[in-house]
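Visitor: So here's data-v3.pdb (PDB, C-alpha atoms).
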```
ATOM      1  CA  MET N 827      15.126   8.185  -4.082
ATOM      2  CA  PHE N 828      11.370   8.230  -4.115
ATOM      3  CA  ARG N 829       9.383   9.700  -6.991
ATOM      4  CA  GLY N 830       5.955   9.329  -8.495
ATOM      5  CA  GLU N 831       2.316   9.878  -7.573
ATOM      6  CA  PHE N 832      -0.095   7.133  -6.521
ATOM      7  CA  HIS N 833      -3.753   7.194  -5.519
ATOM      8  CA  ASN N 834      -5.046   4.948  -2.789
ATOM      9  CA  HIS N 835      -7.652   4.581  -0.047
ATOM     10  CA  LEU N 836      -7.492   4.805   3.708
ATOM     11  CA  ASP N 837      -9.520   2.042   5.352
ATOM     12  CA  ASP N 838     -11.739   2.419   8.430
ATOM     13  CA  LYS N 839      -8.864   1.405  10.731
ATOM     14  CA  GLY N 840      -6.540   4.092   9.344
ATOM     15  CA  ARG N 841      -4.470   1.724   7.216
ATOM     16  CA  VAL N 842      -3.113   2.663   3.819
ATOM     17  CA  SER N 843      -1.146   0.543   1.390
ATOM     18  CA  ILE N 844       2.185   2.014   0.373
ATOM     19  CA  PRO N 845       2.970   1.426  -3.321
ATOM     20  CA  ALA N 846       5.025  -1.714  -3.951
ATOM     21  CA  ARG N 847       7.784   0.285  -5.640
ATOM     22  CA  PHE N 848       8.280   2.358  -2.482
ATOM     23  CA  ARG N 849       8.015  -0.672  -0.184
ATOM     24  CA  ASP N 850      10.686  -2.485  -2.188
ATOM     25  CA  GLN N 851      13.029   0.511  -2.007
ATOM     26  CA  LEU N 852      12.441   0.909   1.705
ATOM     27  CA  SER N 853      12.989  -2.769   2.476
ATOM     28  CA  GLU N 854      16.092  -3.133   0.308
ATOM     29  CA  GLN N 855      17.861   0.175   0.866
ATOM     30  CA  HIS N 856      16.822   1.542   4.235
ATOM     31  CA  GLU N 857      16.679   0.804   7.924
ATOM     32  CA  MET N 858      13.328  -0.025   9.499
ATOM     33  CA  PRO N 859      11.082   1.013  11.142
ATOM     34  CA  LEU N 860       9.801   4.081   9.305
ATOM     35  CA  VAL N 861       8.892   7.410  10.873
ATOM     36  CA  LEU N 862       5.633   9.117  10.012
ATOM     37  CA  THR N 863       5.225  12.749  11.019
ATOM     38  CA  GLN N 864       3.606  16.036  10.155
ATOM     39  CA  GLY N 865       4.795  17.398   6.829
ATOM     40  CA  PHE N 866       4.474  20.824   5.300
ATOM     41  CA  ASP N 867       1.337  22.142   3.598
ATOM     42  CA  GLN N 868      -0.981  19.883   5.625
ATOM     43  CA  CYS N 869       0.312  16.491   4.533
ATOM     44  CA  LEU N 870       2.166  13.698   6.317
ATOM     45  CA  ALA N 871       5.801  12.806   5.692
ATOM     46  CA  LEU N 872       7.064   9.233   5.834
ATOM     47  CA  TYR N 873      10.818   8.851   6.322
ATOM     48  CA  PRO N 874      13.124   5.852   6.348
ATOM     49  CA  MET N 875      14.739   5.546   9.785
ATOM     50  CA  ASP N 876      18.239   6.319   8.482
ATOM     51  CA  THR N 877      16.979   9.597   6.981
ATOM     52  CA  TRP N 878      14.983  10.401  10.120
ATOM     53  CA  LYS N 879      18.066   9.942  12.319
ATOM     54  CA  LYS N 880      19.824  12.649  10.287
ATOM     55  CA  ILE N 881      16.849  14.963  10.783
ATOM     56  CA  GLU N 882      16.882  14.334  14.537
ATOM     57  CA  GLU N 883      20.635  14.975  14.667
ATOM     58  CA  LYS N 884      20.135  18.313  12.923
ATOM     59  CA  LEU N 885      17.167  19.195  15.152
ATOM     60  CA  SER N 886      19.274  18.506  18.233
ATOM     61  CA  THR N 887      21.878  21.056  17.130
ATOM     62  CA  LEU N 888      19.429  23.944  16.802
ATOM     63  CA  ASN N 889      19.548  26.743  19.378
ATOM     64  CA  THR N 890      16.685  26.096  21.798
ATOM     65  CA  LEU N 891      17.009  29.599  23.229
ATOM     66  CA  ASN N 892      15.096  30.606  20.090
ATOM     67  CA  ALA N 893      11.330  30.243  20.634
ATOM     68  CA  ASP N 894      10.712  29.434  16.954
ATOM     69  CA  VAL N 895      13.209  26.577  17.138
ATOM     70  CA  ARG N 896      11.465  25.147  20.193
ATOM     71  CA  LEU N 897       8.077  25.421  18.511
ATOM     72  CA  PHE N 898       9.362  23.750  15.342
ATOM     73  CA  GLN N 899      11.004  20.922  17.318
ATOM     74  CA  ARG N 900       7.865  20.352  19.369
ATOM     75  CA  THR N 901       5.587  20.421  16.357
ATOM     76  CA  ILE N 902       7.509  17.907  14.280
ATOM     77  CA  LEU N 903       8.504  15.612  17.138
ATOM     78  CA  LYS N 904       5.183  15.435  18.980
ATOM     79  CA  ALA N 905       3.520  14.108  15.843
ATOM     80  CA  SER N 906       6.249  11.563  15.031
ATOM     81  CA  GLU N 907       5.418   7.872  15.109
ATOM     82  CA  GLU N 908       7.362   4.781  14.183
ATOM     83  CA  CYS N 909       5.548   2.404  11.858
ATOM     84  CA  GLU N 910       6.147  -0.795   9.925
ATOM     85  CA  PHE N 911       4.436  -2.570   7.061
ATOM     86  CA  ASP N 912       1.900  -5.257   7.809
ATOM     87  CA  LYS N 913       1.698  -8.393   5.649
ATOM     88  CA  GLN N 914      -0.365  -6.519   3.040
ATOM     89  CA  GLY N 915       2.160  -3.676   2.748
ATOM     90  CA  ARG N 916       0.081  -1.212   4.754
ATOM     91  CA  ILE N 917       0.978   1.205   7.509
ATOM     92  CA  ILE N 918      -1.397   2.392  10.202
ATOM     93  CA  ILE N 919      -1.901   6.137  10.478
ATOM     94  CA  SER N 920      -2.984   7.152  13.966
ATOM     95  CA  PRO N 921      -6.126   9.227  14.499
ATOM     96  CA  VAL N 922      -3.906  12.137  15.588
ATOM     97  CA  LEU N 923      -1.929  12.160  12.350
ATOM     98  CA  ARG N 924      -5.052  11.578  10.255
ATOM     99  CA  GLY N 925      -6.414  14.725  11.904
ATOM    100  CA  VAL N 926      -3.232  16.711  11.279
ATOM    101  CA  ALA N 927      -3.501  16.049   7.536
ATOM    102  CA  SER N 928      -7.331  15.934   7.414
ATOM    103  CA  LEU N 929      -7.104  12.491   5.843
ATOM    104  CA  ASP N 930     -10.414  11.046   4.826
ATOM    105  CA  LYS N 931     -10.939   8.114   2.488
ATOM    106  CA  ASN N 932      -8.999   9.003  -0.658
ATOM    107  CA  VAL N 933      -5.295   9.720  -0.373
ATOM    108  CA  VAL N 934      -2.452  10.596  -2.709
ATOM    109  CA  ILE N 935       0.991   9.167  -2.012
ATOM    110  CA  VAL N 936       3.870  11.127  -3.523
ATOM    111  CA  GLY N 937       7.565  10.276  -3.648
ATOM    112  CA  LEU N 938       9.752  13.309  -2.965
ATOM    113  CA  LEU N 939      13.383  12.240  -3.056
ATOM    114  CA  ASN N 940      14.178  11.325   0.581
ATOM    115  CA  ARG N 941      10.590  11.099   1.847
ATOM    116  CA  ILE N 942       7.117   9.966   0.918
ATOM    117  CA  GLU N 943       4.211  12.353   1.416
ATOM    118  CA  ILE N 944       0.662  11.259   2.168
ATOM    119  CA  TRP N 945      -2.059  13.757   1.274
ATOM    120  CA  ASP N 946      -5.811  13.930   1.471
ATOM    121  CA  LYS N 947      -6.801  13.777  -2.211
ATOM    122  CA  GLU N 948      -8.941  16.931  -2.163
ATOM    123  CA  LYS N 949      -6.272  18.925  -0.307
ATOM    124  CA  TYR N 950      -3.594  17.684  -2.706
ATOM    125  CA  PHE N 951      -5.452  18.849  -5.780
ATOM    126  CA  ALA N 952      -6.494  22.104  -4.118
ATOM    127  CA  TYR N 953      -2.855  22.769  -3.210
ATOM    128  CA  HIS N 954      -1.713  22.191  -6.786
ATOM    129  CA  GLY N 955      -4.588  24.168  -8.213
ATOM    130  CA  GLN N 956      -4.313  27.174  -5.915
ATOM    131  CA  GLY N 957      -1.255  28.724  -7.492
ATOM    132  CA  THR N 958      -1.398  30.707 -10.654
ATOM    133  CA  GLN N 959       2.331  30.201 -11.134
ATOM    134  CA  SER N 960       3.230  27.945 -14.026
ATOM    135  CA  PHE N 961       6.000  25.391 -13.706
ATOM    136  CA  GLU N 962       8.090  27.563 -16.009
ATOM    137  CA  SER N 963       7.640  30.749 -13.960
ATOM    138  CA  LEU N 964       8.371  28.854 -10.737
ATOM    139  CA  ALA N 965      11.570  27.464 -12.283
ATOM    140  CA  GLN N 966      12.557  30.965 -13.400
ATOM    141  CA  LYS N 967      11.921  32.369  -9.916
ATOM    142  CA  LEU N 968      14.044  29.666  -8.263
ATOM    143  CA  SER N 969      16.733  30.098 -10.896
ATOM    144  CA  ASP N 970      16.832  33.834 -10.241
ATOM    145  CA  GLN N 971      17.448  32.994  -6.573
ATOM    146  CA  ASN N 972      20.229  30.560  -7.572
ATOM    147  CA  MET N 973      18.321  27.709  -5.974
ATOM    148  CA  ILE N 974      18.219  25.390  -8.979
ATOM    149  CA  GLU N 975      21.339  26.539 -10.773
ATOM    150  CA  GLY N 976      23.051  23.677 -12.520
ATOM    151  CA  LEU N 977      19.995  21.441 -12.817
ATOM    152  CA  PRO N 978      19.870  20.040 -16.347
ATOM    153  CA  LEU N 979      16.286  21.094 -17.009
TER     154      LEU N 979
END
```
Would you give me this structure, written as structure tokens?
Guide:
Amino acid sequence: MFRGEFHNHLDDKGRVSIPARFRDQLSEQHEMPLVLTQGFDQCLALYPMDTWKKIEEKLSTLNTLNADVRLFQRTILKASEECEFDKQGRIIISPVLRGVASLDKNVVIVGLLNRIEIWDKEKYFAYHGQGTQSFESLAQKLSDQNMIEGLPL
């Protein structure tokens, strides 16, 4: 499971170094290559191949008679790219995906359980600063919806 927040830089060729802790986990516990795709909230999502295969299996079972399903499948799959680490532990982010997430120079890399998110630093802090909801009120809201019931928080 991935967790933690790291700050890094995107170089002129679109390369970013993935934190060593994440690289070690990926190399030791998961199948390569990785899949980089559009995430939610204008970030990118990096998945280990074994996790991505499960996502593709689920996507293939959705009812394509539904226009929203087709749009969702197209959106996530058209932006999907396989990638591997270079000798310096970097991945290359294509110009298309850099555009999707508005990545500039400074990025934030966040571990979120089964995936790693890559954010433009300004967008990341704007996203976290935009809500007036405290962590406590968000937890209460999710608890009221029985979404986090049983978590030992």
Visitor: Let me know the residues the PyMOL selection byres ((chain N and resi 940) around 9) catches in the file above, as a list in words.
Guide: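 Selection result, ordered by chain and number: Met827, Phe828, Tyr873, Pro874, Thr877, Gly937, Leu938, Leu939, Arg941 and Ile942 of chain N.
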Visitor: With distances taken over all atoms listed in the file, which of N:Glu907, N:Asp970, N:Phe832, N:Glu943 is nearest to Pro921 (chain N)?
Guide: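 Once distances to Pro921 (chain N) are computed over all atoms listed in the file, the minimum belongs to N:Glu907.
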Visitor: With distances taken over all atoms listed in the file, which of N:Phe911, N:Asn834, N:Ala893, N:Lys879 is nearest to Leu852 (chain N)?
Guide: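 The answer is N:Phe911, which sits nearest to Leu852 (chain N).
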Visitor: With all atoms listed in the file as the basis for distance, which of N:Ser960, N:Val842, N:Lys947, N:Lys904 is at the shortest distance from Val934 (chain N)?
Guide: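 Of all the options, N:Lys947 lies closest to Val934 (chain N).
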Visitor: Quick check on the file I pasted: which residues fall under the PyMOL selection byres ((chain N and resi 909) around 9)? Write them as a PDB file with C-alpha atoms, keeping the file's coordinate frame.
Guide:
```pdb
ATOM      1  CA  MET N 858      13.328  -0.025   9.499  1.00  0.00           C
ATOM      2  CA  PRO N 859      11.082   1.013  11.142  1.00  0.00           C
ATOM      3  CA  LEU N 860       9.801   4.081   9.305  1.00  0.00           C
ATOM      4  CA  VAL N 861       8.892   7.410  10.873  1.00  0.00           C
ATOM      5  CA  LEU N 862       5.633   9.117  10.012  1.00  0.00           C
ATOM      6  CA  GLU N 907       5.418   7.872  15.109  1.00  0.00           C
ATOM      7  CA  GLU N 908       7.362   4.781  14.183  1.00  0.00           C
ATOM      8  CA  GLU N 910       6.147  -0.795   9.925  1.00  0.00           C
ATOM      9  CA  PHE N 911       4.436  -2.570   7.061  1.00  0.00           C
ATOM     10  CA  ILE N 917       0.978   1.205   7.509  1.00  0.00           C
ATOM     11  CA  ILE N 918      -1.397   2.392  10.202  1.00  0.00           C
ATOM     12  CA  ILE N 919      -1.901   6.137  10.478  1.00  0.00           C
TER      13      ILE N 919
END
```
Visitor: Run the PyMOL selection byres ((chain N and resi 924) around 12) mentally over the shown coordinates, then write out the matched residues as a PyMOL selection string, using the chain letters and numbers from the document.
Guide: chain N and resi 836-842+862-865+868-871+905+918-923+925-933+944-946
Visitor: First collect every listed atom of region 853-859 of chain N; then fit an axis-aligned box around them, widen it by 4 Å on each side, and give centre and edge lengths in Å to one decimal, as JSON.
Guide:
```
{"center_x": 14.5, "center_y": -0.8, "center_z": 5.7, "size_x": 14.8, "size_y": 12.7, "size_z": 18.8}
```
Visitor: Provide the CA of Glu882 (chain N) to CA of Asp894 (chain N) distance in Å, to one decimal place.
Guide: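 Atom-to-atom, CA of Glu882 (chain N) to CA of Asp894 (chain N), that is 16.5 Å.
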